[in-house]
Structure formats: structure tokens, C-alpha cells
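Q: Have a look at this one before I ask anything.
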Amino acid sequence: MLATVELEVRHLRALCAIADTGSVRKAALQLGMTQPSLTTQLRRIEGAVGGTLFIRGQTGSRPTPLGHSVLSRARPIVAEMTALVLAARDAACGVGGLCLRLGSVGGRVVSGWLRRVHDRLPATETTIHIEVSSAALLQLLVSKQLDAVLIHEPAGFPLRLPPEMERRVLAPREPRFVALSADHPAAAHPVVALAELGDDAWIVDPAAGHECAALRRAFTTAGLDPRLLHVRDSATAADLVASGEAVRACEPTTEPTDATVVRPLLGDPLTAQLSLVTRPGALPITETDALYADLADAYTELANGSTAYRAWLAGAGDDWSGSPTGVPCEHQDISA
């Protein structure tokens, strides 16, 4: 028998997530939990309140009458706690000096970006929040928990930016390369076609959303139906690639190891737009300019340091809309 729990705000957030997504599985992804652990937590919460809160059907998880009653009281508490934390952070910044809250989908450019920001603003407390989902980053931007975010939009799957948000495009068409074992037959080729990897298992992160959809679309276009491995842990994913158990799409600046190689994909079936998105009023325009310049400089350094990506950029020609260094200079205000 599961032990009951004393309800905390995190439990109430979990209930709200299940109700909002309509699924324990989707709520678990949103909360960064596994589905079994969230299911166990839900059962303990139900034990604490003394009744069933959700009914699972063909259309997902729906609140019971008791669930609706609990949710009606839980939502204001969660909202108040969020407001309390934001107010406390704002107060802390007011007492201790300036603060800058950044978000990113991750990647190798983050460390270079942060280093430049720290060097330029040594008295500013700068934090970085990493999410695999660009949509989740935008939600944090809207809720004023972040000031600026670096997002990734696969070609064909653009995100709907909230009104008045400003977008500055860093890379309009960044390719996805493929990482595979050095012993893979395709590793001997400078460029690899998707068809050569049709019999391989491909690693995907189930929380990546549009990344997975873009990959599936590329396979469908190529007439392929490879097996997909859902792996969220990057270390495990790297081991699977090195051992030859799977391949995975990767950033063009990904560094190969002794056991792996990184190759461009023939015809660039997987590309994405990278953008810096800022919230109106969060930063002065001069700081936004400087923040973008830091990011572009870090990206240029990374691109120039990658032999494979540098070669791809040199061959992109007119297809690449950007500066001579390979980093685009487009500035698009999407509030218009």
C-alpha cells in the first residue's frame, strides 16, 4: 500500500499539469519526470485527499468531480506561489544589483555565450535555464521567468511566438549532421545519405517535440521507416552511438570522439532556424543588441572551429543568408 503524503505546491503543480495536458505521460514530460513516478505520485495525492482525481479514458485523463474541486483550489495557490517567487527574485535583483535570466535549448554555443556575457557584465548575476523544448522556453519567457531565450525551430515546424516578442535570427538554416560509430560502413563517406542509415536505430529525445516530428518527416520523404530509440540521457545516447547500436542527428559543430564520426547529410534533409527571442521591456534595446552580439560572436567562433561545419558553410553559397563569417545578421521584429 502506498504511503500518503502531505500535500505540497509541487503536488498541486503536478495535478494542474495533468489537467492541462490531458495525459499523465505528457504531464510527466512537461514536469521532467518519468511517467511511472508521476503515476505513483498521483496515487499518493489521491490517498491524501481520499478519492480519485482523474479518470483515464480513450481521450486521455479527465478530472473527476472531486478532481475539479481540488483543481479549483490548487490553481490559485500555484499562481500565487509563482508570483511570490518572481517578486522575490525581482527584489533580490534590486538589492544585490542587476540580474539577467537567459534560457537556451542547450548546445555547444552556450558556454561561449555565457563567457562573453560574464566578461561584459561582471557585476550582473547571469543565470541560464536549459530546456530541450523551445516551446517550454517561450512559456517561461511569457511568464516573465526568463528575459531572453535561444530557441531552435526545425524547418517546416515554426513556433508561434507570443505577441510583441522580438526575434533576432542567429542562423536561418543550420543543418543537422549525423553522429555514427567510426566502424559504421557509412563512416567512410564524407557525406551520408539518409538511405544509408535506413536500417539503423535512431536516437530521439521524446521531449524534443518538433525535432522528432522533423526527423519522422525526413524519413517519410525518403521512404524510410527506421526504428526509433527514445533516450533522454546524453551520456547513454553517446555510448549507444559509439558502440554502433544507434545513430543520431546532431549539431553541425558536434565534436567526434575516437569511436565516432560526424558527417553532413546529403541534401540537408534536416535544418533549423536558431533565434534569440526577447520579452518587451525585459531588457533595454542596447542590452539586447549586446546580448545578440555576444551570442553571434560565440557562434562564429564555434563554427569557424569546426572543420565539417566550416566546409558546409563554404559550400552553402547563396543558400546561406548571413555575414561573411557565416553568422546571419537578420533582425526580425515579429510584433509587426
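Chain lettering (A, B, ...) mirrors the order of the C-alpha cells, residue numbering begins at 1 for each chain separately, and ligand numbering begins at 1 in order of display.
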Could you name the residues that touch His152 in chain A at 7 Å or less, counting only C-alpha atoms, but leaving out those on the same chain fewer than 6 positions away, as a ChimeraX atom specification?
A: /A:105,134,272-275
Q: Grab the residues selected above and save them as an mmCIF file, in the first residue's frame with C-alpha atoms.
A:
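Here's the written file out.cif:
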```
data_model
loop_
_atom_site.group_PDB
_atom_site.id
_atom_site.type_symbol
_atom_site.label_atom_id
_atom_site.label_comp_id
_atom_site.auth_asym_id
_atom_site.auth_seq_id
_atom_site.Cartn_x
_atom_site.Cartn_y
_atom_site.Cartn_z
ATOM 1 C CA VAL A 105 17.871 24.731 -25.898
ATOM 2 C CA SER A 134 11.828 25.585 -27.388
ATOM 3 C CA ALA A 272 16.528 24.539 -38.362
ATOM 4 C CA GLN A 273 16.408 28.234 -37.600
ATOM 5 C CA LEU A 274 18.133 29.452 -34.424
ATOM 6 C CA SER A 275 16.856 32.700 -32.939
#
```
Q: Can you pull out the residues contacting His129 in chain A? Cut-off 9 Å, using only C-alpha atoms, and skip same-chain residues under 5 positions away; I want them as a list in words.
A: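 Counting only C-alpha atoms, the residues come to Arg101, Leu102, Gly103, Ser104, Val105, Gly106, Leu137, Leu146 and Val149 of chain A.
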Q: For the residues in that selection, give me all heavy atoms as an mmCIF file, in the first residue's frame.
A:
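For reference, again.cif as written:
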```
data_model
loop_
_atom_site.group_PDB
_atom_site.id
_atom_site.type_symbol
_atom_site.label_atom_id
_atom_site.label_comp_id
_atom_site.auth_asym_id
_atom_site.auth_seq_id
_atom_site.Cartn_x
_atom_site.Cartn_y
_atom_site.Cartn_z
ATOM 1 N N ARG A 101 18.384 36.771 -16.819
ATOM 2 C CA ARG A 101 17.936 35.385 -16.815
ATOM 3 C C ARG A 101 17.794 34.907 -18.257
ATOM 4 O O ARG A 101 16.884 35.328 -18.976
ATOM 5 C CB ARG A 101 16.615 35.264 -16.058
ATOM 6 C CG ARG A 101 16.705 35.708 -14.598
ATOM 7 C CD ARG A 101 15.341 35.911 -13.991
ATOM 8 N NE ARG A 101 14.590 36.955 -14.688
ATOM 9 C CZ ARG A 101 13.331 37.283 -14.388
ATOM 10 N NH1 ARG A 101 12.695 36.662 -13.424
ATOM 11 N NH2 ARG A 101 12.717 38.242 -15.067
ATOM 12 N N LEU A 102 18.699 34.038 -18.661
ATOM 13 C CA LEU A 102 18.726 33.533 -20.028
ATOM 14 C C LEU A 102 18.195 32.110 -20.081
ATOM 15 O O LEU A 102 18.226 31.381 -19.087
ATOM 16 C CB LEU A 102 20.153 33.564 -20.578
ATOM 17 C CG LEU A 102 20.888 34.903 -20.511
ATOM 18 C CD1 LEU A 102 22.305 34.754 -21.040
ATOM 19 C CD2 LEU A 102 20.124 35.970 -21.301
ATOM 20 N N GLY A 103 17.720 31.718 -21.247
ATOM 21 C CA GLY A 103 17.276 30.352 -21.484
ATOM 22 C C GLY A 103 17.810 29.873 -22.817
ATOM 23 O O GLY A 103 18.068 30.675 -23.719
ATOM 24 N N SER A 104 17.977 28.567 -22.954
ATOM 25 C CA SER A 104 18.512 28.036 -24.201
ATOM 26 C C SER A 104 18.128 26.578 -24.356
ATOM 27 O O SER A 104 17.898 25.866 -23.370
ATOM 28 C CB SER A 104 20.034 28.173 -24.237
ATOM 29 O OG SER A 104 20.573 27.556 -25.394
ATOM 30 N N VAL A 105 18.078 26.143 -25.612
ATOM 31 C CA VAL A 105 17.871 24.731 -25.898
ATOM 32 C C VAL A 105 19.154 23.946 -25.658
ATOM 33 O O VAL A 105 19.187 22.740 -25.851
ATOM 34 C CB VAL A 105 17.417 24.525 -27.362
ATOM 35 C CG1 VAL A 105 15.987 24.952 -27.551
ATOM 36 C CG2 VAL A 105 18.335 25.255 -28.330
ATOM 37 N N GLY A 106 20.185 24.609 -25.238
ATOM 38 C CA GLY A 106 21.445 23.915 -24.984
ATOM 39 C C GLY A 106 22.350 23.994 -26.205
ATOM 40 O O GLY A 106 22.164 24.815 -27.102
ATOM 41 N N LEU A 137 10.601 27.000 -23.372
ATOM 42 C CA LEU A 137 11.364 28.230 -23.131
ATOM 43 C C LEU A 137 10.502 29.464 -23.379
ATOM 44 O O LEU A 137 10.559 30.437 -22.618
ATOM 45 C CB LEU A 137 12.597 28.270 -24.026
ATOM 46 C CG LEU A 137 13.741 27.320 -23.667
ATOM 47 C CD1 LEU A 137 14.789 27.316 -24.776
ATOM 48 C CD2 LEU A 137 14.374 27.707 -22.336
ATOM 49 N N LEU A 146 12.036 34.313 -17.519
ATOM 50 C CA LEU A 146 13.273 34.495 -18.278
ATOM 51 C C LEU A 146 13.197 35.823 -19.032
ATOM 52 O O LEU A 146 12.105 36.333 -19.307
ATOM 53 C CB LEU A 146 13.485 33.341 -19.261
ATOM 54 C CG LEU A 146 13.691 31.944 -18.666
ATOM 55 C CD1 LEU A 146 13.770 30.904 -19.773
ATOM 56 C CD2 LEU A 146 14.944 31.902 -17.803
ATOM 57 N N VAL A 149 15.717 34.155 -24.650
ATOM 58 C CA VAL A 149 15.905 32.719 -24.865
ATOM 59 C C VAL A 149 16.438 32.460 -26.265
ATOM 60 O O VAL A 149 16.108 33.168 -27.223
ATOM 61 C CB VAL A 149 14.590 31.931 -24.667
ATOM 62 C CG1 VAL A 149 14.100 32.061 -23.224
ATOM 63 C CG2 VAL A 149 13.504 32.383 -25.632
#
```
Q: Neighbours of Cys250 in chain A within 7 Å (only C-alpha atoms; same-chain residues fewer than 3 positions away dropped), as a list in words?
A: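 Close residues of Cys250 in chain A: Arg176, Phe177, Val178, Ala179 and Thr254 of chain A.
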Q: Which residues, written as a ChimeraX atom specification, have at least one atom at most 9 Å from range 213-219 of chain A, with only C-alpha atoms counted and residues fewer than 6 positions away on the same chain left out?
A: /A:154-157,194-195,198,204,225-226,249,269-271
Q: From the options A:Ala207, A:Val70, A:Leu114, A:Ala303, which residue's atoms come nearest to Gly32 in chain A, counting only C-alpha atoms?
A: A:Ala207
Q: List as a PyMOL selection string the protein and nucleic acid residues near Ala186 in chain A, meaning an atom at most 9 Å away when only C-alpha atoms are counted, but skip any in the same chain fewer than 6 places from it.
A: chain A and resi 180+192-193+196-197
Q: So how many Å separate CA of Gly51 in chain A and CA of Arg13 in chain A, to one decimal?
A: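 These two atoms are separated by 18.1 Å.
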Q: One number please: CA of Arg248 in chain A to CA of Trp202 in chain A, in Å, one decimal.
A: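 Pair CA of Arg248 in chain A / CA of Trp202 in chain A returns 5.3 Å.
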Q: Excluding same-chain residues fewer than 2 positions from range 229-238 of chain A, what lies within 8 Å of it counting only C-alpha atoms, as a PyMOL selection string?
A: chain A and resi 201-207+227+240-242
Q: Can you pull out every residue from range 117-146 of chain A that DSSP, working from the backbone, puts in strand (DSSP E), and format the result as a count of residues only?
A: 6
Q: Return as a list in words the full set of residues in range 239-287 of chain A whose backbone-based DSSP assignment is alpha helix (DSSP H).
A: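 Restricting range 239-287 of chain A to alpha helix (DSSP H) produces Asp239, Leu240, Val241, Ala242, Ile285, Thr286 and Glu287 of chain A.
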Q: Thr253 in chain A: which residues within 12 Å, counting only C-alpha atoms, same-chain residues fewer than 6 positions away excluded, as a PyMOL selection string?
A: chain A and resi 107-109+174-179+261-264+299-313
